[in-house]
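The next block is my_file_29.json, given as JSON, C-alpha atoms.
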[["chain", "number", "residue", "atom", "x", "y", "z"],
["A", 1190, "MET", "CA", -13.89, -43.94, 54.11],
["A", 1191, "PHE", "CA", -15.60, -41.67, 51.61],
["A", 1192, "ILE", "CA", -14.62, -38.44, 49.91],
["A", 1193, "GLU", "CA", -16.97, -36.12, 48.06],
["A", 1194, "PHE", "CA", -15.90, -35.76, 44.45],
["A", 1195, "LYS", "CA", -15.83, -32.02, 43.70],
["A", 1196, "PHE", "CA", -15.02, -31.37, 40.07],
["A", 1197, "TRP", "CA", -13.67, -27.81, 40.15],
["A", 1198, "ARG", "CA", -11.68, -28.35, 43.32],
["A", 1199, "PHE", "CA", -9.90, -31.44, 42.05],
["A", 1200, "LEU", "CA", -9.49, -30.06, 38.54],
["A", 1201, "LEU", "CA", -6.98, -27.56, 39.89],
["A", 1202, "ASN", "CA", -5.55, -29.79, 42.61],
["A", 1203, "GLN", "CA", -4.50, -33.10, 41.09],
["A", 1204, "ARG", "CA", -2.14, -34.01, 43.92],
["A", 1205, "LYS", "CA", -4.92, -33.85, 46.49],
["A", 1206, "LEU", "CA", -7.05, -36.16, 44.36],
["A", 1207, "THR", "CA", -4.40, -38.73, 43.47],
["A", 1208, "ASP", "CA", -3.21, -38.93, 47.08],
["A", 1209, "ARG", "CA", -6.73, -39.80, 48.23],
["A", 1210, "MET", "CA", -7.75, -42.19, 45.46],
["A", 1211, "ASP", "CA", -6.06, -45.19, 47.11],
["A", 1212, "VAL", "CA", -7.49, -44.44, 50.56],
["A", 1213, "PHE", "CA", -10.98, -43.04, 50.03],
["A", 1214, "VAL", "CA", -14.03, -44.09, 48.03],
["A", 1215, "MET", "CA", -15.34, -41.21, 45.93],
["A", 1216, "LYS", "CA", -18.97, -40.20, 46.38],
["A", 1217, "GLY", "CA", -20.82, -38.46, 43.58],
["A", 1218, "PHE", "CA", -18.46, -39.52, 40.80],
["A", 1219, "ARG", "CA", -21.20, -41.25, 38.77],
["A", 1220, "TRP", "CA", -23.30, -38.09, 38.96],
["A", 1221, "ARG", "CA", -20.36, -36.10, 37.58],
["A", 1222, "ILE", "CA", -20.07, -38.59, 34.72],
["A", 1223, "ALA", "CA", -23.79, -38.24, 34.00],
["A", 1224, "GLY", "CA", -23.48, -34.46, 34.18],
["A", 1225, "LEU", "CA", -20.63, -34.56, 31.66],
["A", 1226, "PHE", "CA", -22.71, -36.55, 29.17],
["A", 1227, "ILE", "CA", -25.70, -34.25, 29.64],
["A", 1228, "SER", "CA", -23.53, -31.15, 29.19],
["A", 1229, "ALA", "CA", -22.05, -32.61, 26.01],
["A", 1230, "ALA", "CA", -25.50, -33.41, 24.63],
["A", 1231, "VAL", "CA", -26.77, -29.89, 25.36],
["A", 1232, "LEU", "CA", -23.70, -28.28, 23.79],
["A", 1233, "TYR", "CA", -23.87, -30.37, 20.63],
["A", 1234, "ALA", "CA", -27.63, -29.78, 20.35],
["A", 1235, "LEU", "CA", -27.15, -26.02, 20.63],
["A", 1236, "MET", "CA", -24.39, -26.06, 18.00],
["A", 1237, "ASP", "CA", -26.58, -28.07, 15.65],
["A", 1238, "MET", "CA", -29.60, -25.81, 16.15],
["A", 1239, "TRP", "CA", -27.42, -22.79, 15.42],
["A", 1240, "GLY", "CA", -26.38, -24.44, 12.16],
["A", 1241, "LEU", "CA", -22.88, -25.79, 12.77],
["A", 1242, "GLY", "CA", -22.26, -28.81, 10.59],
["A", 1243, "SER", "CA", -25.61, -28.58, 8.79],
["A", 1244, "ARG", "CA", -24.69, -26.78, 5.57],
["A", 1245, "GLY", "CA", -26.19, -29.65, 3.60],
["A", 1246, "LEU", "CA", -29.66, -28.62, 4.75],
["A", 1247, "THR", "CA", -29.49, -25.25, 2.97],
["A", 1248, "PRO", "CA", -30.48, -26.54, -0.50],
["A", 1249, "ILE", "CA", -33.48, -28.32, 1.04],
["A", 1250, "ALA", "CA", -34.60, -25.12, 2.77],
["A", 1251, "VAL", "CA", -34.23, -23.11, -0.44],
["A", 1252, "SER", "CA", -36.16, -25.69, -2.46],
["A", 1253, "GLY", "CA", -39.23, -25.18, -0.27],
["A", 1254, "ALA", "CA", -39.53, -28.85, 0.75],
["A", 1255, "GLU", "CA", -40.72, -28.03, 4.25],
["A", 1256, "GLU", "CA", -41.56, -31.57, 5.36],
["A", 1257, "THR", "CA", -38.24, -32.92, 4.14],
["A", 1258, "PHE", "CA", -36.39, -30.05, 5.76],
["A", 1259, "ALA", "CA", -38.18, -30.58, 9.09],
["A", 1260, "LEU", "CA", -37.37, -34.29, 9.01],
["A", 1261, "ARG", "CA", -33.74, -33.65, 8.19],
["A", 1262, "ARG", "CA", -33.48, -31.07, 10.99],
["A", 1263, "ILE", "CA", -34.82, -33.61, 13.48],
["A", 1264, "LEU", "CA", -32.44, -36.28, 12.20],
["A", 1265, "SER", "CA", -29.56, -33.82, 12.29],
["A", 1266, "LEU", "CA", -30.32, -32.88, 15.90],
["A", 1267, "ALA", "CA", -30.64, -36.53, 16.91],
["A", 1268, "ALA", "CA", -27.34, -37.33, 15.19],
["A", 1269, "ALA", "CA", -25.63, -34.43, 17.00],
["A", 1270, "VAL", "CA", -26.82, -35.68, 20.39],
["A", 1271, "LEU", "CA", -25.81, -39.25, 19.52],
["A", 1272, "TRP", "CA", -22.38, -38.06, 18.41],
["A", 1273, "SER", "CA", -21.95, -36.16, 21.69],
["A", 1274, "VAL", "CA", -22.51, -39.42, 23.59],
["A", 1275, "ILE", "CA", -20.04, -41.31, 21.37],
["A", 1276, "TYR", "CA", -17.46, -38.51, 21.63],
["A", 1277, "THR", "CA", -17.69, -38.29, 25.41],
["A", 1278, "ALA", "CA", -17.72, -42.06, 25.93],
["A", 1279, "PHE", "CA", -14.67, -42.44, 23.70],
["A", 1280, "HIS", "CA", -12.61, -39.92, 25.66],
["A", 1281, "VAL", "CA", -13.73, -41.16, 29.07],
["A", 1282, "TYR", "CA", -13.65, -44.94, 28.58],
["A", 1283, "VAL", "CA", -11.78, -45.84, 25.38],
["A", 1284, "VAL", "CA", -8.86, -43.45, 25.88],
["A", 1285, "SER", "CA", -8.66, -44.58, 29.51],
["A", 1286, "PHE", "CA", -8.35, -48.19, 28.33],
["A", 1287, "ILE", "CA", -5.66, -47.27, 25.78],
["A", 1288, "LEU", "CA", -3.65, -45.34, 28.37],
["A", 1289, "HIS", "CA", -4.08, -48.22, 30.81],
["A", 1290, "LYS", "CA", -2.53, -50.62, 28.30],
["A", 1291, "LEU", "CA", 0.26, -48.22, 27.34],
["A", 1292, "THR", "CA", 1.25, -47.08, 30.85],
["A", 1293, "ASN", "CA", -0.07, -49.80, 33.23],
["A", 1294, "ALA", "CA", -1.78, -47.12, 35.30],
["A", 1295, "GLY", "CA", -5.03, -48.20, 36.98],
["A", 1296, "TYR", "CA", -7.99, -48.15, 34.60],
["A", 1297, "ARG", "CA", -10.46, -46.74, 37.14],
["A", 1298, "LYS", "CA", -8.03, -43.99, 38.08],
["A", 1299, "LEU", "CA", -7.58, -43.12, 34.42],
["A", 1300, "ILE", "CA", -11.35, -42.80, 34.04],
["A", 1301, "VAL", "CA", -11.18, -40.06, 36.69],
["A", 1302, "LEU", "CA", -8.41, -38.40, 34.67],
["A", 1303, "GLN", "CA", -10.36, -38.64, 31.44],
["A", 1304, "LEU", "CA", -13.42, -37.10, 33.05],
["A", 1305, "PHE", "CA", -11.37, -33.93, 33.45],
["A", 1306, "VAL", "CA", -9.89, -34.30, 29.96],
["A", 1307, "ALA", "CA", -13.30, -34.63, 28.33],
["A", 1308, "ALA", "CA", -14.49, -31.59, 30.29],
["A", 1309, "ILE", "CA", -11.50, -29.56, 29.03],
["A", 1310, "LEU", "CA", -12.25, -30.55, 25.43],
["A", 1311, "LEU", "CA", -15.94, -29.70, 25.79],
["A", 1312, "LEU", "CA", -15.05, -26.38, 27.38],
["A", 1313, "GLU", "CA", -12.84, -25.60, 24.38],
["A", 1314, "LYS", "CA", -15.74, -26.41, 22.05],
["A", 1315, "ALA", "CA", -18.00, -24.15, 24.08],
["A", 1316, "VAL", "CA", -15.48, -21.29, 23.81],
["A", 1317, "VAL", "CA", -15.22, -21.75, 20.03],
["A", 1318, "PHE", "CA", -19.02, -21.83, 19.79],
["A", 1319, "ALA", "CA", -19.21, -18.61, 21.82],
["A", 1320, "ILE", "CA", -16.72, -16.97, 19.43],
["A", 1321, "PHE", "CA", -18.85, -18.01, 16.46],
["A", 1322, "LEU", "CA", -21.98, -16.68, 18.17],
["A", 1323, "ALA", "CA", -20.30, -13.35, 18.90],
["A", 1324, "SER", "CA", -19.03, -12.99, 15.33],
["A", 1325, "GLY", "CA", -22.28, -14.20, 13.77],
["A", 1326, "ALA", "CA", -20.45, -16.61, 11.47],
["A", 1327, "ALA", "CA", -18.69, -19.95, 11.67],
["A", 1328, "THR", "CA", -15.53, -21.23, 10.02],
["A", 1329, "PRO", "CA", -14.51, -24.79, 9.11],
["A", 1330, "VAL", "CA", -11.51, -24.51, 11.44],
["A", 1331, "SER", "CA", -11.22, -23.65, 15.12],
["A", 1332, "PRO", "CA", -9.74, -20.24, 16.00],
["A", 1333, "LEU", "CA", -8.01, -21.95, 18.94],
["A", 1334, "SER", "CA", -6.09, -24.37, 16.71],
["A", 1335, "PHE", "CA", -3.42, -24.37, 14.02],
["A", 1336, "GLY", "CA", -6.20, -24.73, 11.44],
["A", 1337, "PRO", "CA", -6.50, -21.04, 10.49],
["A", 1338, "LEU", "CA", -2.74, -20.76, 10.07],
["A", 1339, "ALA", "CA", -2.55, -23.98, 8.07],
["A", 1340, "SER", "CA", -5.33, -22.87, 5.73],
["A", 1341, "THR", "CA", -3.27, -19.83, 4.69],
["A", 1342, "PHE", "CA", -0.48, -21.85, 3.07],
["A", 1343, "LEU", "CA", -1.76, -25.44, 2.75],
["A", 1344, "THR", "CA", -4.27, -26.67, 0.19],
["A", 1345, "HIS", "CA", -4.69, -30.34, 1.08],
["A", 1346, "PRO", "CA", -7.81, -30.72, 3.28],
["A", 1347, "VAL", "CA", -6.41, -33.64, 5.29],
["A", 1348, "LEU", "CA", -3.41, -31.60, 6.43],
["A", 1349, "ILE", "CA", -5.61, -28.65, 7.34],
["A", 1350, "TYR", "CA", -8.03, -30.86, 9.27],
["A", 1351, "PHE", "CA", -5.10, -32.57, 10.99],
["A", 1352, "LEU", "CA", -3.58, -29.29, 12.18],
["A", 1353, "ASN", "CA", -7.04, -28.11, 13.15],
["A", 1354, "GLN", "CA", -7.14, -30.92, 15.73],
["A", 1355, "LEU", "CA", -3.95, -29.63, 17.35],
["A", 1356, "SER", "CA", -5.27, -26.83, 19.49],
["A", 1357, "LEU", "CA", -4.95, -25.06, 22.80],
["A", 1358, "GLY", "CA", -7.18, -27.73, 24.29],
["A", 1359, "THR", "CA", -4.85, -30.47, 23.00],
["A", 1360, "ALA", "CA", -1.88, -28.82, 24.69],
["A", 1361, "LEU", "CA", -3.78, -28.53, 27.97],
["A", 1362, "VAL", "CA", -4.84, -32.18, 27.73],
["A", 1363, "VAL", "CA", -1.26, -33.38, 27.14],
["A", 1364, "ALA", "CA", 0.01, -31.37, 30.11],
["A", 1365, "TYR", "CA", -2.87, -32.52, 32.33],
["A", 1366, "GLN", "CA", -2.52, -36.20, 31.41],
["A", 1367, "PHE", "CA", 1.25, -36.15, 31.86],
["A", 1368, "ARG", "CA", 1.08, -34.53, 35.29],
["A", 1369, "PHE", "CA", -1.75, -36.77, 36.50],
["A", 1370, "ILE", "CA", -0.17, -40.05, 35.36],
["A", 1371, "ARG", "CA", 3.23, -39.01, 36.70],
["A", 1372, "GLN", "CA", 1.62, -38.68, 40.11],
["A", 1373, "LEU", "CA", 0.21, -42.20, 39.74],
["A", 1374, "LEU", "CA", 3.50, -43.56, 38.37],
["A", 1375, "PRO", "CA", 6.39, -41.53, 39.84],
["A", 1376, "GLU", "CA", 8.91, -43.75, 38.03],
["A", 1377, "ALA", "CA", 7.54, -42.77, 34.61],
["A", 1378, "GLY", "CA", 9.99, -40.67, 32.63],
["A", 1379, "ARG", "CA", 10.01, -38.80, 29.34],
["A", 1380, "SER", "CA", 8.69, -41.86, 27.56],
["A", 1381, "LEU", "CA", 5.32, -41.16, 29.16],
["A", 1382, "LEU", "CA", 5.22, -37.73, 27.57],
["A", 1383, "TRP", "CA", 6.01, -39.19, 24.14],
["A", 1384, "ILE", "CA", 3.29, -41.82, 24.60],
["A", 1385, "ILE", "CA", 0.72, -39.12, 25.38],
["A", 1386, "ILE", "CA", 1.82, -36.88, 22.51],
["A", 1387, "GLY", "CA", 1.87, -39.83, 20.11],
["A", 1388, "LEU", "CA", -1.66, -40.81, 21.12],
["A", 1389, "GLN", "CA", -2.91, -37.26, 20.54],
["A", 1390, "VAL", "CA", -1.25, -37.14, 17.12],
["A", 1391, "LEU", "CA", -2.77, -40.49, 16.11],
["A", 1392, "MET", "CA", -6.22, -39.37, 17.22],
["A", 1393, "ALA", "CA", -5.84, -36.08, 15.34],
["A", 1394, "LEU", "CA", -4.85, -38.00, 12.21],
["A", 1395, "ALA", "CA", -7.79, -40.38, 12.58],
["A", 1396, "VAL", "CA", -10.25, -37.49, 13.00],
["A", 1397, "SER", "CA", -8.82, -35.66, 9.97],
["A", 1398, "LEU", "CA", -9.18, -38.78, 7.81],
["A", 1399, "PHE", "CA", -12.70, -39.36, 9.12],
["A", 1400, "GLY", "CA", -13.55, -35.77, 8.21],
["A", 1401, "MET", "CA", -12.86, -36.57, 4.56],
["A", 1402, "ILE", "CA", -15.70, -39.11, 4.44],
["A", 1403, "PRO", "CA", -18.56, -37.60, 2.36],
["A", 1404, "ALA", "CA", -21.13, -38.12, 5.10],
["A", 1405, "GLU", "CA", -23.68, -35.81, 3.50],
["A", 1406, "SER", "CA", -23.71, -37.63, 0.15],
["A", 1407, "LEU", "CA", -23.83, -41.00, 1.90],
["A", 1408, "PHE", "CA", -26.79, -39.83, 3.96],
["A", 1409, "THR", "CA", -28.55, -38.67, 0.80],
["A", 1410, "GLU", "CA", -27.97, -42.00, -0.93],
["A", 1411, "LEU", "CA", -29.31, -43.93, 2.05],
["A", 1412, "PHE", "CA", -32.32, -41.80, 2.99],
["A", 1413, "GLY", "CA", -32.93, -39.68, -0.08],
["A", 1414, "GLY", "CA", -32.20, -36.01, -0.62],
["A", 1415, "GLY", "CA", -34.41, -32.98, -0.81],
["A", 1416, "GLY", "CA", -35.73, -31.29, -3.88],
["A", 1417, "SER", "CA", -33.17, -30.24, -6.43],
["A", 1418, "VAL", "CA", -32.09, -26.63, -6.64],
["A", 1419, "GLU", "CA", -31.44, -25.27, -10.10]]
Encoded form using C-alpha cells:
Amino acid sequence: MFIEFKFWRFLLNQRKLTDRMDVFVMKGFRWRIAGLFISAAVLYALMDMWGLGSRGLTPIAVSGAEETFALRRILSLAAAVLWSVIYTAFHVYVVSFILHKLTNAGYRKLIVLQLFVAAILLLEKAVVFAIFLASGAATPVSPLSFGPLASTFLTHPVLIYFLNQLSLGTALVVAYQFRFIRQLLPEAGRSLLWIIIGLQVLMALAVSLFGMIPAESLFTELFGGGGSVE
C-alpha cells in the first residue's frame, strides 16, 4: 500500500509517520528530497548575491578590476550553490549513516528523519538571512546562537565559532531526532540522547575548526587575486 508523503503534516506528527513507515510505501518522497536540495541552492545563492561570505571581493571591486570581479562573483555564486548541495547531502545521507551505525535504527527511516532535520536547519538559515536583510547588515555570528554572547567575553575565534554552531536550530534538531528515534526504538534510553548531543557537539567543533581555514587566501594563491589596493 502507498501513502502520500506530506512534509508539513508529518513534520508536526512524527507518530503518524513512524507508525506507517513499516506498513506503507511513501509516494513523493524523492520529490521532497529534490525540493530540499533546490531550496537549499536558492537560499545559498540569494545569501551569496546579497554579499554574505564574500567580503574578500570588496578589494577587487574597489580596485576597478571589473573583469576579475565579475569572474570572482560567478565563481563565488557557483561555490555557494555547490556548498548547499554538499551541506544538504551531508545532513540527509551522511548523518543518517552515522546515526544508523550508532543506534542500529533503519538507515532508510533515518533518511526520512534527516530530511526534516535538514529542512529545520535551512529554515533557521533563512530566518537569520531575513534578520540580516531587515537590519541591512550582517554579522559573523548568528543572532539565534550563543555566538553573540560568546563574542562579548571570549577572544579565541575557535570558541566563538564553536558556540555559534550551538543555536536554536541545534536544540530543535536534538529534540526532533531524539523523539523520532525513540519511536523507532522504544527500548532506547537516555544513552540515545547523549549520542545525539555528542554528535551535534562534534559536528559543531568540526565546523568551527573548518572555519579557521584561510579559504580566501588559499583561493587567491590557486587562482590569483585581484588588483592590489593601496
Nearest-residue call for Arg1209 of chain A, choices A:Leu1373, A:Ala1315, A:Leu1388, A:Val1396, using only C-alpha atoms: A:Leu1373
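The closest residue to Val1274 of chain A, picked from A:Leu1361, A:Ile1222, A:Ala1229, A:Leu1201 and counting only C-alpha atoms, is A:Ala1229.
Distance annotation: of A:Phe1279, A:Gln1303, A:Arg1379, A:Phe1321, the residue with the minimal separation from Tyr1365 of chain A is A:Gln1303; atom set is only C-alpha atoms.
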Top pick for closest residue to Lys1314 of chain A, considering A:Val1283, A:Leu1225, A:Leu1333, A:Ile1385 and counting all atoms listed in the file: A:Leu1333
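The gap separating atom CA of Thr1328 of chain A from atom CA of Phe1351 of chain A is 15.4 Å, in Å to one decimal.
Between Ser1356 of chain A and the candidates A:Leu1288, A:Leu1271, A:Val1390, A:Ala1234, the tightest atom-to-atom separation, counting all atoms listed in the file, involves A:Val1390.
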For atom CA of Ala1230 of chain A and atom CA of Lys1216 of chain A, the interatomic separation in Å (one decimal): 23.7 Å
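Each of A:Gln1366, A:His1280, A:Asp1237, A:Val1301 was compared to Gly1217 of chain A using all atoms listed in the file, and A:Val1301 turns out to be the nearest.
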Residue neighbourhood Gln1203 of chain A, 9 Å, all atoms listed in the file, exclusion window fewer than 6 positions, as a ChimeraX atom specification: /A:1365,1368-1369,1372
In the coordinate frame of the file, compute which residues have an atom within 12 Å of (-9.0, -22.2, 13.0) when using only C-alpha atoms, and state them as a PDB file with C-alpha atoms, in the frame of the given file.
ATOM      1  CA  VAL A1317     -15.220 -21.750  20.030  1.00  0.00           C
ATOM      2  CA  ILE A1320     -16.720 -16.970  19.430  1.00  0.00           C
ATOM      3  CA  PHE A1321     -18.850 -18.010  16.460  1.00  0.00           C
ATOM      4  CA  ALA A1327     -18.690 -19.950  11.670  1.00  0.00           C
ATOM      5  CA  THR A1328     -15.530 -21.230  10.020  1.00  0.00           C
ATOM      6  CA  PRO A1329     -14.510 -24.790   9.110  1.00  0.00           C
ATOM      7  CA  VAL A1330     -11.510 -24.510  11.440  1.00  0.00           C
ATOM      8  CA  SER A1331     -11.220 -23.650  15.120  1.00  0.00           C
ATOM      9  CA  PRO A1332      -9.740 -20.240  16.000  1.00  0.00           C
ATOM     10  CA  LEU A1333      -8.010 -21.950  18.940  1.00  0.00           C
ATOM     11  CA  SER A1334      -6.090 -24.370  16.710  1.00  0.00           C
ATOM     12  CA  PHE A1335      -3.420 -24.370  14.020  1.00  0.00           C
ATOM     13  CA  GLY A1336      -6.200 -24.730  11.440  1.00  0.00           C
ATOM     14  CA  PRO A1337      -6.500 -21.040  10.490  1.00  0.00           C
ATOM     15  CA  LEU A1338      -2.740 -20.760  10.070  1.00  0.00           C
ATOM     16  CA  ALA A1339      -2.550 -23.980   8.070  1.00  0.00           C
ATOM     17  CA  SER A1340      -5.330 -22.870   5.730  1.00  0.00           C
ATOM     18  CA  THR A1341      -3.270 -19.830   4.690  1.00  0.00           C
ATOM     19  CA  ILE A1349      -5.610 -28.650   7.340  1.00  0.00           C
ATOM     20  CA  TYR A1350      -8.030 -30.860   9.270  1.00  0.00           C
ATOM     21  CA  PHE A1351      -5.100 -32.570  10.990  1.00  0.00           C
ATOM     22  CA  LEU A1352      -3.580 -29.290  12.180  1.00  0.00           C
ATOM     23  CA  ASN A1353      -7.040 -28.110  13.150  1.00  0.00           C
ATOM     24  CA  GLN A1354      -7.140 -30.920  15.730  1.00  0.00           C
ATOM     25  CA  LEU A1355      -3.950 -29.630  17.350  1.00  0.00           C
ATOM     26  CA  SER A1356      -5.270 -26.830  19.490  1.00  0.00           C
ATOM     27  CA  LEU A1357      -4.950 -25.060  22.800  1.00  0.00           C
TER      28      LEU A1357
END
Atom pair atom CA of Trp1272 of chain A / atom CA of Ala1326 of chain A: separation (Å): 22.6 Å
Test item: residues at most 10 Å from segment 1193-1199 of chain A, all atoms listed in the file, excluding those fewer than 5 positions along its chain, as a VMD selection string: chain A and resid 1204 to 1207 1213 to 1221 1304 to 1305 1308
